[in-house]
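Reproduced below: final-v7.txt, with compact mmCIF, C-alpha atoms.
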```txt
# COMPACT_ATOMS: atom_id res chain seq x y z
CA MET A 1 72.39 59.07 -10.73
CA LEU A 2 72.43 62.83 -10.07
CA LYS A 3 76.19 62.87 -10.75
CA ARG A 4 75.50 61.50 -14.24
CA LEU A 5 72.47 63.67 -15.03
CA LEU A 6 73.78 67.01 -13.75
CA PRO A 7 76.36 67.51 -16.56
CA LEU A 8 73.64 66.69 -19.10
CA ALA A 9 71.32 69.30 -17.58
CA LEU A 10 74.20 71.79 -17.51
CA ALA A 11 74.78 71.15 -21.22
CA THR A 12 71.14 71.83 -22.12
CA PHE A 13 71.22 74.92 -19.87
CA ALA A 14 74.15 76.24 -21.90
CA VAL A 15 72.31 75.54 -25.17
CA GLY A 16 69.13 77.23 -23.93
CA THR A 17 71.01 80.31 -22.75
CA ASP A 18 72.93 80.52 -26.00
CA SER A 19 69.74 80.18 -28.06
CA TYR A 20 67.87 83.00 -26.34
CA VAL A 21 70.42 85.46 -24.98
CA ILE A 22 71.46 87.09 -28.28
CA ALA A 23 67.98 88.65 -28.51
CA GLY A 24 68.60 90.62 -25.32
CA LEU A 25 71.98 91.85 -26.59
CA LEU A 26 70.96 92.97 -30.10
CA PRO A 27 71.45 96.74 -29.61
CA ALA A 28 74.99 96.26 -28.28
CA ILE A 29 75.88 93.69 -30.95
CA ALA A 30 74.46 95.84 -33.75
CA ALA A 31 76.43 98.87 -32.57
CA ASP A 32 79.67 96.91 -32.13
CA LEU A 33 79.46 95.17 -35.52
CA ARG A 34 78.23 98.36 -37.23
CA VAL A 35 75.06 96.80 -38.66
CA SER A 36 71.35 97.55 -38.27
CA THR A 37 69.30 95.91 -35.53
CA PRO A 38 67.35 93.76 -38.06
CA ALA A 39 70.67 92.59 -39.53
CA ALA A 40 71.93 91.67 -36.06
CA GLY A 41 68.63 89.86 -35.49
CA GLN A 42 69.54 87.49 -38.31
CA LEU A 43 72.19 86.03 -36.00
CA VAL A 44 69.24 84.59 -34.06
CA THR A 45 67.47 83.54 -37.24
CA VAL A 46 70.44 81.72 -38.78
CA PHE A 47 71.38 80.05 -35.47
CA ALA A 48 67.87 78.65 -35.01
CA LEU A 49 67.51 77.60 -38.65
CA VAL A 50 70.83 75.75 -38.72
CA MET A 51 70.01 74.12 -35.39
CA ALA A 52 66.61 72.93 -36.69
CA LEU A 53 67.96 71.54 -39.96
CA SER A 54 71.26 70.11 -38.75
CA ALA A 55 69.95 68.26 -35.67
CA PRO A 56 68.50 65.22 -37.52
CA VAL A 57 71.43 65.09 -39.94
CA MET A 58 74.10 65.25 -37.25
CA GLY A 59 72.09 62.89 -35.08
CA THR A 60 72.24 60.35 -37.91
CA LEU A 61 75.96 60.84 -38.53
CA THR A 62 76.79 60.34 -34.85
CA SER A 63 74.19 57.66 -34.05
CA GLY A 64 76.82 54.91 -34.33
CA LEU A 65 78.97 56.51 -31.61
CA ASP A 66 78.49 55.91 -27.92
CA ARG A 67 76.56 58.80 -26.36
CA ARG A 68 79.47 60.05 -24.22
CA THR A 69 81.69 60.45 -27.28
CA ALA A 70 78.88 62.10 -29.25
CA LEU A 71 78.23 64.56 -26.44
CA LEU A 72 81.91 65.44 -26.06
CA ILE A 73 82.20 66.10 -29.81
CA ALA A 74 79.03 68.20 -29.75
CA LEU A 75 80.17 70.21 -26.74
CA GLY A 76 83.60 70.71 -28.33
CA VAL A 77 81.95 72.22 -31.43
CA PHE A 78 79.61 74.28 -29.24
CA VAL A 79 82.40 75.70 -27.05
CA ALA A 80 84.61 76.46 -30.06
CA GLY A 81 81.72 78.21 -31.82
CA ASN A 82 80.97 80.41 -28.84
CA ALA A 83 84.64 81.26 -28.38
CA ALA A 84 84.86 82.23 -32.07
CA THR A 85 81.73 84.37 -31.68
CA ALA A 86 83.23 86.14 -28.68
CA LEU A 87 86.46 86.80 -30.58
CA GLY A 88 84.72 87.91 -33.76
CA THR A 89 85.07 91.56 -34.73
CA GLY A 90 83.13 91.51 -38.01
CA TYR A 91 79.56 90.58 -38.88
CA ASP A 92 80.53 87.85 -41.37
CA VAL A 93 82.89 86.15 -38.91
CA VAL A 94 80.31 86.25 -36.11
CA MET A 95 77.65 84.83 -38.44
CA ILE A 96 79.89 81.89 -39.43
CA ALA A 97 80.69 81.30 -35.77
CA ARG A 98 76.98 81.17 -34.93
CA VAL A 99 76.48 78.55 -37.65
CA VAL A 100 79.21 76.38 -36.13
CA THR A 101 77.74 76.85 -32.65
CA ALA A 102 74.26 75.88 -33.85
CA VAL A 103 75.52 72.58 -35.28
CA GLY A 104 76.96 71.64 -31.89
CA ALA A 105 73.87 72.85 -30.02
CA GLY A 106 71.52 70.73 -32.11
CA MET A 107 73.59 67.62 -31.39
CA ILE A 108 73.65 68.33 -27.65
CA ASN A 109 69.88 68.46 -27.10
CA SER A 110 69.08 65.16 -28.80
CA ALA A 111 72.12 63.32 -27.40
CA ALA A 112 71.48 64.53 -23.83
CA SER A 113 67.82 63.42 -23.94
CA SER A 114 68.55 59.99 -25.36
CA THR A 115 71.38 59.47 -22.86
CA ALA A 116 69.19 60.40 -19.89
CA GLY A 117 66.52 57.95 -21.01
CA ALA A 118 69.09 55.18 -21.44
CA ILE A 119 70.92 55.47 -18.12
CA ALA A 120 67.83 55.86 -15.91
CA ALA A 121 65.84 52.95 -14.55
CA PRO A 122 62.47 52.53 -16.32
CA GLU A 123 60.52 53.72 -13.27
CA ARG A 124 62.67 56.88 -13.06
CA ARG A 125 63.01 57.62 -16.78
CA GLY A 126 60.38 60.36 -16.85
CA ARG A 127 61.99 62.24 -13.99
CA ALA A 128 65.44 61.87 -15.56
CA LEU A 129 64.21 63.35 -18.85
CA ALA A 130 62.44 66.17 -17.03
CA PHE A 131 65.61 66.96 -15.05
CA VAL A 132 67.84 67.11 -18.12
CA LEU A 133 65.39 69.05 -20.27
CA GLY A 134 64.79 71.31 -17.29
CA GLY A 135 68.12 72.87 -18.20
CA LEU A 136 66.47 74.41 -21.26
CA THR A 137 63.57 75.75 -19.22
CA SER A 138 65.87 77.07 -16.51
CA ALA A 139 67.83 78.93 -19.19
CA THR A 140 64.79 81.08 -19.99
CA ALA A 141 64.24 81.89 -16.31
CA LEU A 142 67.85 82.37 -15.20
CA GLY A 143 70.40 82.11 -17.98
CA LEU A 144 68.68 84.59 -20.27
CA PRO A 145 68.35 87.55 -17.83
CA LEU A 146 71.77 86.89 -16.27
CA GLY A 147 73.42 86.64 -19.67
CA THR A 148 71.71 89.83 -20.78
CA LEU A 149 72.80 91.64 -17.63
CA ILE A 150 76.41 90.52 -18.02
CA GLY A 151 76.42 91.32 -21.72
CA ARG A 152 75.20 94.88 -21.36
CA THR A 153 78.70 95.74 -20.14
CA ASP A 154 80.34 93.80 -22.97
CA TRP A 155 78.33 91.31 -25.01
CA HIS A 156 81.46 89.24 -25.62
CA LEU A 157 81.53 88.33 -21.91
CA THR A 158 78.19 86.54 -22.19
CA LEU A 159 79.49 84.32 -25.00
CA TRP A 160 82.61 83.53 -22.97
CA ALA A 161 80.40 82.63 -20.00
CA VAL A 162 78.29 80.28 -22.15
CA ALA A 163 81.45 78.68 -23.54
CA GLY A 164 82.67 78.20 -19.97
CA ILE A 165 79.44 76.47 -18.95
CA GLY A 166 79.74 74.17 -21.96
CA LEU A 167 83.34 73.34 -21.00
CA VAL A 168 82.33 72.49 -17.41
CA ALA A 169 79.53 70.26 -18.76
CA ALA A 170 82.04 68.49 -21.03
CA LEU A 171 84.42 67.85 -18.11
CA GLY A 172 81.53 66.47 -16.05
CA ILE A 173 80.45 64.14 -18.86
CA ALA A 174 84.00 62.94 -19.47
CA ALA A 175 84.50 62.18 -15.77
CA GLY A 176 81.10 60.87 -14.70
CA LEU A 177 79.18 59.45 -17.66
CA PRO A 178 79.66 55.82 -18.71
CA LYS A 179 79.71 54.75 -22.35
CA VAL A 180 76.13 54.38 -23.56
CA THR A 181 75.42 52.72 -26.91
CA LEU A 182 72.01 53.03 -28.57
CA PRO A 183 70.65 51.53 -31.81
CA ALA A 184 71.67 53.58 -34.83
CA ALA A 185 68.87 55.30 -36.79
CA SER A 186 69.08 56.37 -40.41
CA LEU A 187 68.06 59.81 -41.63
CA GLY A 188 65.13 58.17 -43.41
CA ASP A 189 63.93 56.69 -40.11
CA ARG A 190 64.16 60.09 -38.45
CA LEU A 191 62.26 61.89 -41.20
CA ARG A 192 59.69 59.19 -42.04
CA PRO A 193 57.00 60.63 -39.68
CA LEU A 194 56.96 63.78 -41.83
CA GLY A 195 55.08 61.75 -44.41
CA GLN A 196 52.08 61.55 -42.08
CA GLY A 197 49.57 64.36 -42.44
CA ARG A 198 48.59 64.41 -38.76
CA VAL A 199 52.23 64.71 -37.66
CA LEU A 200 52.83 67.57 -40.08
CA ALA A 201 49.68 69.33 -38.88
CA LEU A 202 50.82 69.22 -35.26
CA LEU A 203 54.36 70.31 -36.11
CA ALA A 204 52.90 73.23 -38.08
CA VAL A 205 51.14 74.40 -34.91
CA THR A 206 54.44 74.36 -33.02
CA THR A 207 56.25 76.25 -35.77
CA LEU A 208 53.54 78.91 -36.12
CA VAL A 209 53.40 79.53 -32.36
CA PHE A 210 57.14 80.15 -32.09
CA LEU A 211 57.20 82.08 -35.37
CA GLY A 212 54.67 84.47 -33.87
CA ALA A 213 56.46 84.74 -30.54
CA TYR A 214 59.91 85.38 -32.01
CA THR A 215 58.70 87.94 -34.52
CA LEU A 216 58.67 90.19 -31.45
CA TYR A 217 60.97 88.43 -28.99
CA THR A 218 64.03 88.49 -31.27
CA TYR A 219 63.89 92.29 -31.05
CA ILE A 220 62.72 92.51 -27.44
CA GLY A 221 65.54 94.85 -26.37
CA PRO A 222 64.78 97.69 -28.79
CA ALA A 223 61.04 96.96 -28.56
CA LEU A 224 61.09 97.74 -24.82
CA GLN A 225 63.36 100.75 -25.12
CA GLU A 226 60.68 103.13 -23.85
CA ALA A 227 59.71 100.98 -20.86
CA THR A 228 63.30 100.25 -19.78
CA GLY A 229 64.89 103.52 -20.84
CA GLY A 230 67.72 101.51 -22.35
CA SER A 231 68.72 100.20 -18.92
CA GLY A 232 70.39 96.77 -18.97
CA PRO A 233 69.28 95.81 -15.44
CA LEU A 234 65.66 96.80 -16.17
CA LEU A 235 65.64 94.77 -19.40
CA ALA A 236 67.09 91.84 -17.46
CA ALA A 237 64.25 92.22 -14.92
CA VAL A 238 61.66 92.07 -17.71
CA LEU A 239 63.34 89.01 -19.23
CA LEU A 240 63.40 87.40 -15.79
CA ALA A 241 59.64 87.98 -15.48
CA TRP A 242 59.16 86.43 -18.93
CA GLY A 243 61.39 83.47 -18.08
CA VAL A 244 59.67 82.81 -14.75
CA GLY A 245 56.36 82.94 -16.64
CA VAL A 246 57.64 80.35 -19.14
CA LEU A 247 58.81 78.12 -16.29
CA ALA A 248 55.47 78.44 -14.47
CA GLY A 249 53.54 77.72 -17.66
CA ASN A 250 55.64 74.63 -18.29
CA ILE A 251 55.00 73.29 -14.78
CA VAL A 252 51.26 73.98 -14.93
CA ALA A 253 51.01 72.40 -18.39
CA GLY A 254 52.43 69.13 -17.07
CA ARG A 255 49.68 68.90 -14.48
CA LEU A 256 46.91 69.98 -16.84
CA VAL A 257 47.66 67.42 -19.55
CA ASP A 258 47.46 64.64 -16.95
CA ARG A 259 43.85 65.63 -16.28
CA HIS A 260 42.53 67.07 -19.53
CA ASP A 261 42.72 66.58 -23.28
CA PRO A 262 46.05 68.14 -24.39
CA ALA A 263 44.32 69.81 -27.35
CA HIS A 264 41.95 71.61 -24.97
CA VAL A 265 44.86 72.60 -22.71
CA LEU A 266 46.56 74.32 -25.64
CA THR A 267 43.62 76.47 -26.77
CA GLY A 268 43.43 78.91 -23.83
CA PRO A 269 47.14 79.81 -23.76
CA LEU A 270 47.13 80.50 -27.52
CA VAL A 271 44.24 82.94 -27.04
CA VAL A 272 46.09 84.64 -24.17
CA ALA A 273 49.33 84.84 -26.18
CA ALA A 274 47.57 86.38 -29.19
CA VAL A 275 45.86 89.00 -27.01
CA ALA A 276 49.06 89.79 -25.09
CA LEU A 277 51.01 90.31 -28.31
CA ALA A 278 48.26 92.46 -29.83
CA LEU A 279 48.35 94.70 -26.73
CA THR A 280 52.14 95.03 -26.66
CA SER A 281 52.24 98.77 -27.37
CA VAL A 282 49.65 99.52 -24.68
CA ALA A 283 50.87 97.00 -22.11
CA THR A 284 54.49 98.18 -22.24
CA ALA A 285 53.79 101.85 -21.58
CA THR A 286 55.24 101.62 -18.06
CA LEU A 287 57.79 99.33 -16.43
CA ALA A 288 55.24 97.87 -13.99
CA SER A 289 52.77 96.98 -16.73
CA THR A 290 55.61 95.60 -18.85
CA LEU A 291 56.63 93.19 -16.09
CA VAL A 292 53.05 91.90 -15.80
CA TRP A 293 52.72 91.65 -19.58
CA ALA A 294 56.00 89.73 -19.87
CA ALA A 295 55.00 87.24 -17.16
CA VAL A 296 51.56 86.62 -18.72
CA TRP A 297 52.94 86.21 -22.24
CA GLY A 298 55.75 83.96 -20.96
CA ALA A 299 53.30 81.75 -19.05
CA ALA A 300 51.08 81.36 -22.13
CA LEU A 301 54.07 80.41 -24.29
CA GLY A 302 55.41 78.07 -21.61
CA VAL A 303 52.30 75.90 -21.80
CA VAL A 304 52.67 75.14 -25.51
CA VAL A 305 55.42 72.50 -25.69
CA VAL A 306 54.06 69.96 -23.18
CA PRO A 307 50.62 69.35 -24.76
CA GLN A 308 52.23 69.29 -28.21
CA GLN A 309 54.63 66.58 -27.04
CA HIS A 310 51.77 64.57 -25.58
CA ARG A 311 49.75 64.84 -28.78
CA LEU A 312 52.67 63.69 -30.90
CA ILE A 313 53.50 60.75 -28.63
CA ALA A 314 49.84 59.70 -28.71
CA LEU A 315 50.06 59.35 -32.49
CA SER A 316 52.87 56.78 -32.27
CA PRO A 317 54.30 55.92 -28.83
CA ALA A 318 56.94 53.65 -30.37
CA ALA A 319 58.34 56.56 -32.40
CA ALA A 320 58.34 59.02 -29.46
CA PRO A 321 62.09 59.90 -29.58
CA VAL A 322 61.93 60.70 -33.31
CA LEU A 323 58.70 62.69 -32.97
CA LEU A 324 60.04 64.73 -30.06
CA GLY A 325 63.19 65.45 -32.05
CA LEU A 326 61.06 66.71 -34.94
CA ASN A 327 59.06 68.88 -32.54
CA SER A 328 62.30 70.40 -31.27
CA SER A 329 63.31 71.15 -34.86
CA ALA A 330 59.86 72.69 -35.44
CA ILE A 331 60.43 75.01 -32.45
CA TYR A 332 63.76 76.24 -33.77
CA LEU A 333 62.37 76.56 -37.29
CA GLY A 334 59.68 78.84 -35.86
CA ILE A 335 62.30 80.86 -33.98
CA ALA A 336 64.33 81.25 -37.19
CA LEU A 337 61.32 82.29 -39.28
CA GLY A 338 60.15 84.67 -36.55
CA GLY A 339 63.49 86.46 -36.43
CA GLY A 340 63.46 86.69 -40.22
CA LEU A 341 59.88 87.97 -40.37
CA GLY A 342 60.50 90.59 -37.67
CA GLY A 343 63.55 91.84 -39.55
CA LEU A 344 61.74 91.97 -42.90
CA VAL A 345 58.78 93.83 -41.43
CA GLN A 346 61.14 96.48 -40.06
CA GLU A 347 63.14 96.76 -43.28
CA TRP A 348 60.31 96.63 -45.82
CA PHE A 349 57.53 98.45 -43.99
CA ALA A 350 59.56 100.72 -41.68
CA VAL A 351 57.81 99.23 -38.65
CA VAL A 352 59.51 100.14 -35.37
CA PRO A 353 60.39 97.24 -33.01
CA ALA A 354 57.78 98.36 -30.46
CA ALA A 355 55.05 97.77 -33.08
CA LEU A 356 56.08 94.18 -33.88
CA GLY A 357 53.45 92.90 -31.46
CA LEU A 358 50.73 93.26 -34.09
CA PRO A 359 52.26 91.02 -36.79
CA ALA A 360 53.30 88.64 -34.02
CA ALA A 361 49.70 88.52 -32.81
CA GLY A 362 48.52 87.90 -36.37
CA VAL A 363 50.78 84.85 -36.77
CA THR A 364 49.77 83.55 -33.32
CA THR A 365 46.11 83.87 -34.31
CA LEU A 366 46.86 81.78 -37.42
CA ALA A 367 48.44 79.19 -35.10
CA LEU A 368 45.28 79.21 -32.97
CA LEU A 369 42.99 78.76 -35.98
CA HIS A 370 45.14 75.96 -37.38
CA HIS A 371 45.19 74.28 -33.97
CA LEU A 372 41.41 74.44 -33.68
CA THR A 373 41.03 72.98 -37.17
CA THR A 374 43.49 70.19 -36.40
CA ALA A 375 41.77 69.37 -33.09
CA ARG A 376 38.33 69.35 -34.77
CA ARG A 377 39.51 66.97 -37.47
CA ARG A 378 41.04 64.69 -34.87
CA ALA A 379 37.80 64.65 -32.90
CA SER A 380 35.79 63.88 -36.05
CA ALA A 381 38.15 61.06 -37.01
CA ALA A 382 38.10 59.46 -33.56
CA PRO A 383 36.02 56.25 -33.45
CA ARG A 384 32.80 56.57 -31.52
CA PRO A 385 31.68 53.78 -29.20
CA ALA A 386 28.69 51.80 -30.44
CA PRO A 387 25.48 52.43 -28.45
CA SER A 388 24.49 49.73 -25.99
CA ALA A 389 21.47 47.47 -26.62
CA PRO A 390 19.11 49.39 -24.29
CA GLU A 391 20.03 52.67 -26.04
CA LYS A 392 19.19 51.15 -29.42
CA ALA A 393 15.82 50.03 -28.13
CA GLU A 394 15.05 53.52 -26.85
CA ALA A 395 15.98 55.04 -30.19
```

For this file, write the structure as structure tokens.
Amino acid sequence: MLKRLLPLALATFAVGTDSYVIAGLLPAIAADLRVSTPAAGQLVTVFALVMALSAPVMGTLTSGLDRRTALLIALGVFVAGNAATALGTGYDVVMIARVVTAVGAGMINSAASSTAGAIAAPERRGRALAFVLGGLTSATALGLPLGTLIGRTDWHLTLWAVAGIGLVAALGIAAGLPKVTLPAASLGDRLRPLGQGRVLALLAVTTLVFLGAYTLYTYIGPALQEATGGSGPLLAAVLLAWGVGVLAGNIVAGRLVDRHDPAHVLTGPLVVAAVALALTSVATATLASTLVWAAVWGAALGVVVVPQQHRLIALSPAAAPVLLGLNSSAIYLGIALGGGLGGLVQEWFAVVPAALGLPAAGVTTLALLHHLTTARRRASAAPRPAPSAPEKAEA
């Protein structure tokens, strides 16, 4: 079983690294392509937006194919897109290459998850999904700082490395994964849950949280210029602290939602994230305090996805794969909007990257307030048990 799952996890690791690593390389990319940092940041925005919007469409177009074929096509597009990015010498060419890469990346995540669930025995399905999706989480803890460290010498090398990982994953899938056929789903089936108000409300929480986070995170390199002194290894250390925090938060969240109401689990981390972002300028005055700040913020953000997934599945267990796919799109939509907002704030209001923590905190606070409203409405709508006969007599 591990032989079949490992290439899938490697594929999601490549996607996760590719999704996040550009943010750590923005200064070098901006200088090489002769554009401003906010303009370079739109490479993150466009990648995430295309990934969010194309995933359900491409999932529909490839749903009639066996999963091995779909994954090999997706990885082929992904590897070609990264190679084109690495070879690109102009901003327009690199932007088009990122669009191509995003289309492949969106296909990989959904196809890898559905394949893992199909090939695992029912009693081991949860662990199989966690192992494959663990590639995304591991990318924040390992792939992101390593990619940033490699890319500080030449950012093109990082893209070649990601393309290489994708190629190895494709070879592993071609050699070790059997043909897996799943029922085809139309685009209407995939988007139908968006017509439900409660689903939209929960997805809005996810989008707002990541919008707030990536208003700052997209520009994390220049934002931490004072703390790191422009040092690539020091920035990689900060990103490692952030990634380990995300990983720890994800692990803790899994245990908490087994014992407590997922809505309650989400509240505390959103408060912590809002406070951490609001204190960015103060907390990043020294390298030591920046490492602590990054770990705390990362842990708070790492908690978010698990309770959101649980809340969505609780709405309609039968539609879990579709709902989780929509939540993934909501994450990348938030990342795209965050990168766009951070760039606009810098361009329109002359805000320096180090000050982006305040607007990021503002958006995160909106996410918190919307979450509390959503949770309160859900609690009010929940049916209350009728009082027993003795209780009626006492009343």

Inset, instruction - Name the residues in contact with segment 203-213 of chain A at a cut-off of 7 Å, using all atoms listed in the file, excluding same-chain residues fewer than 3 positions from it; report them as a ChimeraX atom specification. - result: /A:199-200,216-217,327,330-331,333-335,337-338,360-361,363-364,367,370-371

Inset, instruction - Check the smallest atom-to-atom distance from each of A:Ala175, A:Leu75, A:Ala141, A:Leu182 to Ala118 of chain A using all atoms listed in the file, then report the winner. - result: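 Going through A:Ala175, A:Leu75, A:Ala141, A:Leu182 one by one, the smallest distance to Ala118 of chain A is for A:Leu182.
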
Legend entry - Polymer residues at most 12 Å from segment 95-102 of chain A, all atoms listed in the file, same-chain spacing of 6 or more positions, as JSON, numbers by chain: {"A": [14, 15, 16, 18, 19, 22, 29, 33, 39, 40, 41, 42, 43, 44, 45, 46, 47, 48, 49, 50, 51, 52, 53, 54, 55, 58, 73, 74, 75, 76, 77, 78, 79, 80, 81, 82, 83, 84, 85, 86, 87, 88, 89, 108, 109, 159, 162, 163, 166, 329, 332, 336]}

Inset, instruction - Rank A:Ala23, A:Leu287, A:Leu344, A:Ile313 by their smallest atom-to-atom distance to Tyr214 of chain A, using all atoms listed in the file, and report the top residue only. - result: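 Counting all atoms listed in the file, the residue closest to Tyr214 of chain A is A:Ala23.
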
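With only C-alpha atoms as the atoms that count, the minimum distance from Val132 of chain A to the choices A:His260, A:Arg192, A:His156, A:Lys3 is reached by A:Lys3.
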
Inset, instruction - Kindly indicate which residue among A:Ala169, A:Ala223, A:Leu142, A:Leu235 lies nearest to Gly342 of chain A, using all atoms listed in the file for the distances. - result: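 Checking each of A:Ala169, A:Ala223, A:Leu142, A:Leu235 against Gly342 of chain A, counting all atoms listed in the file, the winner is A:Ala223.
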
Legend entry - Pick from A:Ala139, A:Leu358, A:Met107, A:Val257, whichever lies nearest to Leu61 of chain A using all atoms listed in the file: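 Closest candidate: A:Met107.
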
Inset, instruction - For Ile173 of chain A, please output as a VMD selection string all residues within 12 Å (counting all atoms listed in the file; exclusion window: fewer than 2 positions along the same chain). - result: chain A and resid 2 to 11 67 to 76 108 111 to 112 115 to 116 166 to 171 175 to 180

Inset, instruction - Have a look at atom CA of Thr12 of chain A and atom CA of Gly135 of chain A and let me know their distance in Å, one decimal. - result: 5.1 Å

Legend entry - For Leu25 of chain A, the nearest of the candidates A:Asp189, A:Glu226, A:Asp154, A:Asp258, counting only C-alpha atoms: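 Comparing A:Asp189, A:Glu226, A:Asp154, A:Asp258 against Leu25 of chain A, the winner is A:Asp154.
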
Inset, instruction - Go ahead and compute the interatomic distance for atom CA of Pro56 of chain A and atom CA of Leu187 of chain A, in Å to one decimal. - result: 6.8 Å

Legend entry - Point-to-point distance from atom CA of Thr286 of chain A to atom CA of Tyr219 of chain A, Å rounded to tenths: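 Spanning atom CA of Thr286 of chain A to atom CA of Tyr219 of chain A is a straight-line distance of 18.2 Å.
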
How close does each residue of segment 208-263 of chain A get to segment 291-311 of chain A, giving the shortest atom pair and distance in Å to one decimal for every residue with an atom at most 7 Å away, counting only C-alpha atoms, sorted by chain and residue number, as CSV?
```
residue,atom,partner,partner_atom,distance
A:Val238,CA,A:Leu291,CA,5.4
A:Ala241,CA,A:Ala295,CA,5.0
A:Trp242,CA,A:Ala295,CA,4.6
A:Gly243,CA,A:Gly298,CA,6.4
A:Val244,CA,A:Ala295,CA,6.9
A:Gly245,CA,A:Ala299,CA,4.1
A:Val246,CA,A:Gly302,CA,4.0
A:Leu247,CA,A:Gly302,CA,6.3
A:Ala248,CA,A:Ala299,CA,6.1
A:Gly249,CA,A:Ala299,CA,4.3
A:Asn250,CA,A:Gly302,CA,4.8
A:Ala253,CA,A:Val303,CA,5.1
A:Gly254,CA,A:Val306,CA,6.4
A:Val257,CA,A:Pro307,CA,6.3
A:Pro262,CA,A:Pro307,CA,4.7
A:Ala263,CA,A:Pro307,CA,6.8
```

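By chain and then residue number, the residues within 12 Å of Ala227 of chain A are A:Ile220, A:Gly221, A:Pro222, A:Ala223, A:Leu224, A:Gln225, A:Gly229, A:Gly230, A:Ser231, A:Gly232, A:Leu234, A:Leu235, A:Ala237, A:Val238, A:Thr280, A:Ser281, A:Val282, A:Ala283, A:Thr284, A:Ala285, A:Thr286, A:Leu287, A:Ala288, A:Ser289, A:Thr290, A:Leu291, A:Trp293, A:Ala294, A:Ala354, counting all atoms listed in the file and disregarding those fewer than 2 positions away in sequence.
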
Inset, instruction - List the neighbours of Pro145 of chain A out to 6 Å using all atoms listed in the file; skip same-chain residues closer than 2 positions along the sequence, and give me the result as an MDAnalysis selection string. - result: chainID A and resid 142:143 147:148 236 239:240
